[in-house]
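Colleague: The file below is model_12.tsv, TSV, C-alpha atoms:
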chain	number	residue	atom	x	y	z
A	1	MET	CA	-120.90	-78.45	2.33
A	2	LYS	CA	-122.30	-75.57	0.25
A	3	LYS	CA	-123.59	-73.96	3.39
A	4	SER	CA	-120.24	-74.08	5.11
A	5	ILE	CA	-118.51	-72.54	2.07
A	6	ILE	CA	-121.01	-69.70	2.00
A	7	LEU	CA	-120.58	-69.31	5.72
A	8	SER	CA	-116.80	-69.18	5.56
A	9	VAL	CA	-116.91	-66.73	2.63
A	10	ALA	CA	-119.27	-64.59	4.66
A	11	ILE	CA	-116.97	-64.73	7.67
A	12	VAL	CA	-113.97	-63.74	5.56
A	13	LEU	CA	-115.89	-60.88	3.96
A	14	PHE	CA	-117.10	-59.64	7.31
A	15	SER	CA	-113.69	-59.74	8.87
A	16	VAL	CA	-112.11	-57.96	5.88
A	17	ALA	CA	-114.79	-55.31	6.11
A	18	GLY	CA	-114.20	-55.08	9.82
A	19	PHE	CA	-110.49	-54.48	9.39
A	20	SER	CA	-110.69	-52.06	6.53
A	21	GLN	CA	-113.30	-50.11	8.38
A	22	VAL	CA	-111.11	-47.61	10.14
A	23	SER	CA	-111.15	-48.83	13.66
A	24	GLY	CA	-108.23	-47.26	15.45
A	25	LYS	CA	-107.30	-43.79	16.48
A	26	LEU	CA	-105.56	-41.36	14.22
A	27	VAL	CA	-102.50	-39.85	15.85
A	28	SER	CA	-100.74	-36.64	14.87
A	29	SER	CA	-97.50	-35.20	16.10
A	30	LYS	CA	-97.25	-32.92	13.08
A	31	THR	CA	-99.19	-29.94	14.31
A	32	HIS	CA	-99.23	-26.16	14.21
A	33	ILE	CA	-101.04	-24.01	16.72
A	34	LYS	CA	-100.95	-20.27	16.31
A	35	PHE	CA	-101.96	-17.63	18.77
A	36	PHE	CA	-102.77	-14.21	17.36
A	37	SER	CA	-103.61	-11.04	19.21
A	38	HIS	CA	-104.57	-7.85	17.45
A	39	THR	CA	-104.84	-4.39	19.00
A	40	SER	CA	-104.43	-0.97	17.48
A	41	VAL	CA	-101.05	-0.77	19.25
A	42	GLU	CA	-99.54	-4.00	17.93
A	43	ASP	CA	-100.10	-7.46	16.54
A	44	ILE	CA	-98.61	-10.31	18.53
A	45	GLN	CA	-98.33	-13.89	17.40
A	46	ALA	CA	-96.78	-17.08	18.68
A	47	ASN	CA	-96.34	-20.47	17.05
A	48	ASN	CA	-96.27	-23.98	18.46
A	49	TYR	CA	-95.23	-27.01	16.42
A	50	ALA	CA	-94.95	-29.58	19.21
A	51	SER	CA	-98.52	-30.51	20.11
A	52	VAL	CA	-99.96	-34.00	19.92
A	53	SER	CA	-103.46	-34.78	18.73
A	54	THR	CA	-105.74	-37.76	18.25
A	55	ILE	CA	-109.02	-38.28	16.42
A	56	ASP	CA	-111.04	-41.39	17.08
A	57	GLN	CA	-112.81	-42.11	13.82
A	58	ALA	CA	-115.32	-44.40	15.48
A	59	THR	CA	-116.44	-42.12	18.30
A	60	GLY	CA	-115.50	-38.69	16.96
A	61	ASP	CA	-113.36	-37.90	19.99
A	62	VAL	CA	-110.79	-35.19	19.29
A	63	VAL	CA	-107.94	-34.38	21.66
A	64	PHE	CA	-105.13	-31.82	21.47
A	65	SER	CA	-102.39	-31.71	24.08
A	66	VAL	CA	-100.32	-28.53	23.85
A	67	PRO	CA	-96.92	-28.02	25.55
A	68	MET	CA	-97.18	-24.36	26.54
A	69	GLN	CA	-93.46	-23.60	26.69
A	70	SER	CA	-93.22	-24.51	23.00
A	71	PHE	CA	-94.99	-21.28	21.99
A	72	GLU	CA	-92.42	-19.12	20.23
A	73	PHE	CA	-92.67	-15.36	19.95
A	74	GLU	CA	-90.63	-13.07	17.79
A	75	LYS	CA	-89.54	-11.10	20.83
A	76	ALA	CA	-87.77	-12.94	23.63
A	77	LEU	CA	-89.18	-10.62	26.30
A	78	MET	CA	-92.75	-11.35	25.23
A	79	GLN	CA	-92.05	-15.07	25.37
A	80	LYS	CA	-90.69	-14.69	28.90
A	81	HIS	CA	-93.79	-12.75	29.97
A	82	PHE	CA	-96.10	-15.29	28.34
A	83	ASN	CA	-94.56	-18.07	30.42
A	84	GLN	CA	-94.56	-16.20	33.72
A	85	GLU	CA	-96.97	-16.49	36.59
A	86	GLY	CA	-99.16	-13.49	35.80
A	87	PHE	CA	-99.71	-14.74	32.27
A	88	LEU	CA	-99.83	-18.48	31.53
A	89	ASP	CA	-97.73	-19.79	34.42
A	90	THR	CA	-96.34	-22.56	32.25
A	91	LYS	CA	-94.16	-24.08	34.94
A	92	GLN	CA	-97.24	-24.91	37.01
A	93	PHE	CA	-99.41	-25.64	33.96
A	94	PRO	CA	-97.07	-27.02	31.30
A	95	LYS	CA	-99.86	-28.25	29.03
A	96	ALA	CA	-103.14	-26.99	27.68
A	97	LYS	CA	-105.77	-29.38	26.42
A	98	LEU	CA	-108.65	-29.40	24.00
A	99	LYS	CA	-110.99	-32.32	24.44
A	100	GLY	CA	-114.04	-32.56	22.26
A	101	LYS	CA	-116.33	-34.62	20.15
A	102	ILE	CA	-117.26	-34.24	16.51
A	103	THR	CA	-121.02	-33.90	16.72
A	104	ASN	CA	-121.71	-34.41	13.02
A	105	LEU	CA	-119.54	-37.51	12.67
A	106	SER	CA	-121.98	-39.21	10.26
A	107	GLU	CA	-121.27	-36.48	7.69
A	108	ILE	CA	-117.55	-37.27	7.61
A	109	ASP	CA	-116.21	-40.16	5.55
A	110	PHE	CA	-112.62	-40.77	6.65
A	111	SER	CA	-112.15	-43.28	3.84
A	112	LYS	CA	-113.16	-40.98	1.01
A	113	ASP	CA	-111.13	-38.06	-0.35
A	114	GLY	CA	-112.77	-34.74	0.32
A	115	SER	CA	-113.14	-31.79	2.61
A	116	TYR	CA	-115.69	-32.06	5.38
A	117	ASN	CA	-117.07	-29.50	7.82
A	118	ALA	CA	-116.82	-30.68	11.38
A	119	ILE	CA	-118.53	-29.31	14.45
A	120	ILE	CA	-116.58	-29.91	17.62
A	121	GLU	CA	-118.10	-29.60	21.04
A	122	GLY	CA	-116.15	-30.05	24.20
A	123	GLU	CA	-113.91	-28.25	26.58
A	124	LEU	CA	-110.68	-26.32	26.55
A	125	THR	CA	-108.35	-26.25	29.55
A	126	ILE	CA	-105.70	-23.55	29.81
A	127	LYS	CA	-103.82	-22.64	32.97
A	128	GLY	CA	-105.91	-25.19	34.88
A	129	LYS	CA	-109.19	-23.49	33.96
A	130	THR	CA	-111.74	-25.34	31.86
A	131	ASN	CA	-114.40	-23.76	29.66
A	132	PRO	CA	-116.87	-25.27	27.22
A	133	ILE	CA	-116.27	-24.71	23.53
A	134	LYS	CA	-118.24	-25.29	20.37
A	135	GLU	CA	-116.30	-24.60	17.21
A	136	LYS	CA	-116.32	-25.32	13.52
A	137	GLY	CA	-113.42	-26.94	11.75
A	138	THR	CA	-112.51	-28.72	8.56
A	139	ILE	CA	-111.38	-32.29	8.12
A	140	THR	CA	-109.64	-33.06	4.85
A	141	VAL	CA	-109.06	-36.57	3.58
A	142	LYS	CA	-106.48	-37.05	0.83
A	143	GLY	CA	-105.24	-40.54	0.24
A	144	ASN	CA	-104.08	-41.89	3.58
A	145	VAL	CA	-103.40	-38.44	5.00
A	146	ILE	CA	-106.12	-36.87	7.10
A	147	SER	CA	-105.82	-33.29	8.30
A	148	ALA	CA	-107.82	-31.14	10.61
A	149	ALA	CA	-107.91	-27.36	10.67
A	150	GLY	CA	-109.83	-24.70	12.48
A	151	THR	CA	-109.78	-21.15	13.75
A	152	PHE	CA	-111.56	-19.92	16.83
A	153	SER	CA	-111.20	-17.22	19.40
A	154	ILE	CA	-110.97	-17.35	23.14
A	155	VAL	CA	-111.46	-14.73	25.81
A	156	LEU	CA	-108.27	-14.62	27.88
A	157	ALA	CA	-110.08	-13.62	31.08
A	158	ASP	CA	-112.03	-16.91	30.93
A	159	TYR	CA	-108.72	-18.63	31.61
A	160	GLY	CA	-107.58	-16.35	34.39
A	161	VAL	CA	-105.37	-14.23	32.13
A	162	ALA	CA	-106.43	-10.63	32.66
A	163	PHE	CA	-104.54	-7.36	32.76
A	164	GLU	CA	-105.88	-4.33	34.56
A	165	LYS	CA	-103.13	-1.88	33.79
A	166	GLY	CA	-99.83	-1.26	32.12
A	167	LYS	CA	-98.62	-2.27	28.69
A	168	PRO	CA	-100.23	-5.73	28.61
A	169	SER	CA	-103.70	-4.22	29.14
A	170	THR	CA	-103.34	-2.02	26.08
A	171	ASN	CA	-101.15	-4.20	23.85
A	172	ILE	CA	-102.79	-7.60	24.25
A	173	ALA	CA	-106.28	-8.19	22.90
A	174	LYS	CA	-108.91	-9.40	25.36
A	175	LYS	CA	-109.95	-11.91	22.76
A	176	VAL	CA	-107.27	-13.81	20.88
A	177	GLU	CA	-107.47	-15.96	17.81
A	178	ILE	CA	-106.25	-19.56	17.87
A	179	THR	CA	-105.52	-21.37	14.62
A	180	VAL	CA	-105.11	-25.12	14.71
A	181	HIS	CA	-103.74	-27.45	12.04
A	182	ALA	CA	-102.81	-31.12	12.37
A	183	GLU	CA	-101.86	-33.85	9.97
A	184	TYR	CA	-102.70	-37.43	10.88
A	185	LYS	CA	-101.18	-40.50	9.35
A	186	PRO	CA	-102.05	-44.08	10.10
A	187	GLU	CA	-99.34	-45.37	12.44
B	188	MET	CA	-76.28	33.06	38.94
B	189	THR	CA	-73.08	32.27	40.75
B	190	PRO	CA	-70.41	30.18	39.05
B	191	LYS	CA	-71.07	27.52	41.69
B	192	MET	CA	-74.76	27.27	40.78
B	193	LYS	CA	-73.84	27.11	37.11
B	194	LYS	CA	-71.53	24.21	37.83
B	195	ILE	CA	-74.18	22.33	39.79
B	196	LEU	CA	-76.68	22.91	37.03
B	197	LYS	CA	-74.21	21.67	34.43
B	198	ILE	CA	-73.41	18.52	36.40
B	199	GLY	CA	-77.12	17.97	36.99
B	200	ALA	CA	-77.85	18.27	33.28
B	201	ILE	CA	-75.07	15.86	32.39
B	202	LEU	CA	-76.31	13.35	34.96
B	203	LEU	CA	-79.87	13.66	33.69
B	204	ILE	CA	-78.87	13.08	30.07
B	205	ALA	CA	-76.63	10.15	31.04
B	206	GLY	CA	-79.47	8.67	33.09
B	207	LEU	CA	-81.92	9.04	30.23
B	208	LEU	CA	-79.49	7.44	27.79
B	209	ILE	CA	-78.78	4.49	30.08
B	210	GLY	CA	-82.47	4.06	30.96
B	211	GLY	CA	-83.60	4.36	27.36
B	212	GLY	CA	-80.85	1.98	26.24
B	213	THR	CA	-81.89	-0.58	28.83
B	214	VAL	CA	-85.56	-0.38	27.83
B	215	LEU	CA	-84.60	-0.73	24.16
B	216	TYR	CA	-82.34	-3.64	24.94
B	217	MET	CA	-85.00	-5.38	27.04
B	218	PHE	CA	-87.58	-4.89	24.32
B	219	ASN	CA	-85.32	-6.20	21.58
B	220	MET	CA	-83.49	-8.73	23.72
B	221	PRO	CA	-82.50	-11.68	21.56
B	222	HIS	CA	-83.71	-15.20	22.36
B	223	ARG	CA	-81.35	-17.27	24.42
B	224	ASN	CA	-78.99	-19.21	22.20
B	225	VAL	CA	-79.53	-22.74	23.52
B	226	GLN	CA	-76.56	-24.23	21.70
B	227	SER	CA	-74.09	-21.73	23.14
B	228	THR	CA	-75.53	-22.16	26.65
B	229	ALA	CA	-73.78	-24.68	28.89
B	230	ALA	CA	-75.90	-27.81	29.49
B	231	ASP	CA	-77.49	-27.99	32.96
B	232	PHE	CA	-77.85	-31.77	32.94
B	233	SER	CA	-76.53	-34.69	30.97
B	234	VAL	CA	-78.98	-37.61	30.96
B	235	ASN	CA	-80.03	-40.52	28.84
B	236	ALA	CA	-83.50	-40.60	27.32
B	237	SER	CA	-84.68	-43.55	29.45
B	238	GLN	CA	-83.63	-41.85	32.70
B	239	LEU	CA	-85.38	-38.62	31.79
B	240	VAL	CA	-88.60	-40.43	30.83
B	241	ALA	CA	-88.46	-42.50	34.03
B	242	GLU	CA	-88.01	-39.37	36.17
B	243	TYR	CA	-91.13	-37.86	34.63
B	244	LEU	CA	-93.27	-40.99	34.86
B	245	GLU	CA	-92.31	-41.57	38.49
B	246	ASN	CA	-92.74	-38.06	39.82
B	247	PRO	CA	-93.95	-35.47	37.29
B	248	SER	CA	-94.16	-32.52	39.70
B	249	GLN	CA	-90.65	-33.14	41.03
B	250	ALA	CA	-89.34	-33.40	37.47
B	251	ASN	CA	-91.11	-30.19	36.42
B	252	GLU	CA	-89.61	-28.44	39.44
B	253	LYS	CA	-86.16	-29.66	38.42
B	254	TYR	CA	-86.31	-28.99	34.70
B	255	LEU	CA	-88.82	-26.20	33.93
B	256	ALA	CA	-88.21	-22.48	34.45
B	257	ASP	CA	-90.86	-19.84	35.26
B	258	ASP	CA	-89.95	-17.69	32.29
B	259	GLY	CA	-89.82	-20.54	29.78
B	260	ASP	CA	-86.02	-20.58	29.55
B	261	SER	CA	-86.00	-24.10	30.98
B	262	LYS	CA	-83.02	-26.38	31.50
B	263	VAL	CA	-80.63	-27.10	28.67
B	264	LEU	CA	-80.06	-30.85	28.45
B	265	GLU	CA	-77.64	-33.18	26.76
B	266	ILE	CA	-79.59	-36.36	26.08
B	267	SER	CA	-78.25	-39.60	24.76
B	268	GLY	CA	-80.50	-42.25	23.30
B	269	THR	CA	-81.42	-44.50	20.40
B	270	VAL	CA	-82.89	-42.93	17.27
B	271	THR	CA	-86.27	-44.54	16.59
B	272	LYS	CA	-87.94	-42.02	14.31
B	273	ILE	CA	-86.97	-39.07	12.14
B	274	SER	CA	-89.68	-36.74	10.85
B	275	GLU	CA	-90.31	-33.11	9.98
B	276	ASP	CA	-92.68	-30.61	11.56
B	277	PHE	CA	-94.89	-27.96	9.89
B	278	ASN	CA	-92.09	-25.43	10.28
B	279	GLY	CA	-89.69	-27.53	8.19
B	280	GLN	CA	-87.70	-28.51	11.27
B	281	LYS	CA	-86.41	-32.06	11.67
B	282	VAL	CA	-87.68	-34.03	14.65
B	283	VAL	CA	-85.61	-36.91	16.04
B	284	LEU	CA	-87.21	-39.29	18.53
B	285	LEU	CA	-84.83	-40.84	21.05
B	286	LYS	CA	-86.57	-43.84	22.56
B	287	SER	CA	-85.55	-47.17	23.92
B	288	GLU	CA	-87.63	-50.12	22.71
B	289	THR	CA	-88.57	-51.07	26.25
B	290	ASP	CA	-89.67	-47.57	27.30
B	291	LYS	CA	-93.24	-46.32	27.23
B	292	ALA	CA	-92.22	-42.87	26.04
B	293	GLY	CA	-89.21	-41.20	24.48
B	294	VAL	CA	-87.68	-37.78	23.99
B	295	SER	CA	-88.79	-35.86	20.93
B	296	CYS	CA	-86.02	-33.48	19.80
B	297	THR	CA	-86.90	-30.70	17.36
B	298	PHE	CA	-83.98	-29.24	15.45
B	299	THR	CA	-83.87	-25.78	13.87
B	300	LYS	CA	-83.44	-24.51	10.33
B	301	GLU	CA	-79.78	-23.90	11.21
B	302	THR	CA	-79.13	-27.37	12.66
B	303	ASN	CA	-81.42	-29.40	10.34
B	304	GLN	CA	-78.58	-30.44	8.08
B	305	ASN	CA	-76.87	-32.34	10.91
B	306	VAL	CA	-79.82	-34.75	10.99
B	307	SER	CA	-78.93	-36.06	7.53
B	308	THR	CA	-76.05	-38.07	8.98
B	309	ILE	CA	-78.22	-39.70	11.65
B	310	GLN	CA	-79.32	-43.31	11.12
B	311	LEU	CA	-82.27	-45.12	12.67
B	312	GLY	CA	-81.12	-47.37	15.49
B	313	GLU	CA	-78.01	-45.31	16.11
B	314	THR	CA	-77.14	-44.10	19.60
B	315	ILE	CA	-76.54	-40.36	19.57
B	316	LYS	CA	-76.32	-37.36	21.87
B	317	ILE	CA	-78.48	-34.29	21.38
B	318	LYS	CA	-78.41	-30.93	23.12
B	319	GLY	CA	-81.57	-28.86	23.45
B	320	VAL	CA	-83.97	-27.07	25.77
B	321	ILE	CA	-86.74	-29.00	27.52
B	322	ARG	CA	-90.31	-27.71	26.99
B	323	SER	CA	-92.45	-30.39	28.65
B	324	GLY	CA	-92.19	-33.82	30.24
B	325	ALA	CA	-93.37	-37.33	29.47
B	326	SER	CA	-96.69	-38.55	30.84
B	327	PHE	CA	-99.58	-40.86	30.17
B	328	ASP	CA	-102.50	-38.83	28.88
B	329	PRO	CA	-105.82	-40.57	29.59
B	330	ASP	CA	-107.63	-38.54	26.91
B	331	LEU	CA	-105.12	-39.26	24.17
B	332	GLU	CA	-104.92	-42.78	25.61
B	333	MET	CA	-101.20	-42.79	24.98
B	334	TYR	CA	-97.87	-41.80	26.47
B	335	GLU	CA	-96.57	-38.39	25.49
B	336	ASN	CA	-92.87	-37.89	24.84
B	337	VAL	CA	-90.62	-35.39	26.54
B	338	VAL	CA	-90.45	-32.34	24.24
B	339	VAL	CA	-87.02	-30.85	23.56
B	340	GLU	CA	-86.46	-28.02	21.07
B	341	LYS	CA	-83.64	-25.91	19.55
B	342	SER	CA	-81.73	-29.15	19.25
B	343	ASP	CA	-78.42	-29.98	17.66
B	344	LEU	CA	-76.34	-33.10	17.41
B	345	ILE	CA	-73.42	-33.30	19.85
B	346	LYS	CA	-70.37	-35.06	18.53
Show me, as structure tokens, the structure contained in the file I just sent.
Modeller:
Amino acid sequence: MKKSIILSVAIVLFSVAGFSQVSGKLVSSKTHIKFFSHTSVEDIQANNYASVSTIDQATGDVVFSVPMQSFEFEKALMQKHFNQEGFLDTKQFPKAKLKGKITNLSEIDFSKDGSYNAIIEGELTIKGKTNPIKEKGTITVKGNVISAAGTFSIVLADYGVAFEKGKPSTNIAKKVEITVHAEYKPE
Amino acid sequence: MTPKMKKILKIGAILLIAGLLIGGGTVLYMFNMPHRNVQSTAADFSVNASQLVAEYLENPSQANEKYLADDGDSKVLEISGTVTKISEDFNGQKVVLLKSETDKAGVSCTFTKETNQNVSTIQLGETIKIKGVIRSGASFDPDLEMYENVVVEKSDLIK
């Protein structure tokens, strides 16, 4: 009798622990991705608020799916160029993707408020071209809201975006800065 | 210099100046060209959210060919559907999800600072019609392990 009570208490405790231990994926559709290019001629930036991201707290998998036509520029002509074939060819490649893994997952406690440094290793695919990345980011836990942020730079030529001559070759940086921010809430 | 030559020179100079003005004006206009006003553009298609999602899930490349434009000024759609979620993005813009309960994905419609206020009258569960520009289609993403919604932006409520 005593044994069975202890056993059932243990089972209940285990299952409670199992459920409270963040098992599922965190999903975010509240995101901001910024593209920034600096040259001595001009600064160009574009903003995207329509990406979707997931973080798997158990495995450390991080994914960002970015609808390329959602990048907005101040100047309409720049936005048109950005979408066209010579640049990002967004009709053929409507989405870019970041797929990585948090390599220092053990240092991040998703259930405890705080700000944690995260190292993400994986690959980035833009315009159908995939390159490895290894970047640093920050994961912030505040109550039941978890956010991720990071800034890194990419070399445009690595993704088949290169300009030999004309205005784009002087006005667009060879290396552009990407800033990522996402807010995850339990579904 | 004969009077005839003078005349030719004068006409030439006028033409040159006119050409420069027109050329310069065009370059200036191109450079400062305003963004397309989606709401004042006539809709290319009128669809319901379920149809649009189904088109994308069945044949994504055909749907992209139909709806997306090379220069990013993709098709302007009027979409009717059931409101299942209302949220706000990082830019302070309201986002209304049109999705039928039985569908795997829906249509996510981002409003603008100018049209945001029209969202206040929208109720969950209501069937409404929204006009906006399509940015990307619906698909199952094996890495996210979930269905992604169609993305529509520059939206406003159509009465």
Colleague: Select all residues from chain A having any atom no more than 7 Å from an atom of chain B (counting only C-alpha atoms, ignoring ligands), output as a list of chain:residue names.
Modeller: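 Those within range of chain B come out as A:Lys30, A:Thr31, A:His32, A:Tyr49, A:Thr54, A:Val63, A:Pro67, A:Gln69, A:Ser70, A:Lys75, A:Ala76, A:Leu77, A:Lys80, A:His81, A:Asn83, A:Gln84, A:Asp89, A:Thr90, A:Lys91, A:Pro94.
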Colleague: Which one of B:Leu202, B:Leu344, B:Ile195, B:Leu244 sits closest to Asp290 of chain B if you count all atoms listed in the file?
Modeller: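 Counting all atoms listed in the file, the residue closest to Asp290 of chain B is B:Leu244.
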Colleague: Could you give me, as a count of residues only, the residues within 10 Å of segment 98-110 of chain A, counting only C-alpha atoms and dropping anything in the same chain fewer than 2 positions from it?
Modeller: 51
Colleague: Could you tell me how far atom CA of Gln238 of chain B sits from atom CA of Lys291 of chain B, in Å to one decimal place?
Modeller: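 The value is 11.9 Å.
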Colleague: What does the distance between atom CA of Glu265 of chain B and atom CA of Val27 of chain A come to in Å, to one decimal place?
Modeller: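 That distance, rounded to one decimal, is 28.0 Å.
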Colleague: What does the distance between atom CA of Thr314 of chain B and atom CA of Ala229 of chain B come to in Å, to one decimal place?
Modeller: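 Value for the atom CA of Thr314 of chain B-atom CA of Ala229 of chain B distance: 21.8 Å.
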Colleague: Starting from 8 Å padding per side, set up an axis-aligned box that covers all listed atoms of segment 73-76 of chain A and hand over centre and edge lengths in Å, one decimal, as AutoDock Vina command-line options.
Modeller:
--center_x -90.2 --center_y -13.2 --center_z 20.7 --size_x 20.9 --size_y 20.3 --size_z 21.8
Colleague: Rank B:Gly206, B:Gly211, B:Gly293, B:Pro190 by their smallest atom-to-atom distance to Val270 of chain B, using only C-alpha atoms, and report the top residue only.
Modeller: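 Once distances to Val270 of chain B are computed over only C-alpha atoms, the minimum belongs to B:Gly293.
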Colleague: Env of Phe298 of chain B: 6 Å cut, atoms = all atoms listed in the file, seq-sep filter 5 positions within chain, self excluded. Answer as a PyMOL selection string.
Modeller: chain B and resi 280-281+303+341-342
Colleague: If we count all atoms listed in the file and set the cut-off at 10 Å, which residues sit around Asp43 of chain A, ignoring sequence neighbours fewer than 6 positions away in its own chain? Please answer as an NGL selection string.
Modeller: :A and (36-37 or 171-173)
Colleague: Could you save those same residues with C-alpha atoms as a CSV table (one decimal), in the frame of the given file?
Modeller:
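Dumped everything to selection.csv:
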chain,number,residue,atom,x,y,z
A,36,PHE,CA,-102.8,-14.2,17.4
A,37,SER,CA,-103.6,-11.0,19.2
A,171,ASN,CA,-101.2,-4.2,23.8
A,172,ILE,CA,-102.8,-7.6,24.2
A,173,ALA,CA,-106.3,-8.2,22.9
Colleague: Which residue, B:Ile201, B:Leu284, B:Ile317, B:Ala292, has the smallest gap to Ser233 of chain B when you use only C-alpha atoms?
Modeller: B:Ile317
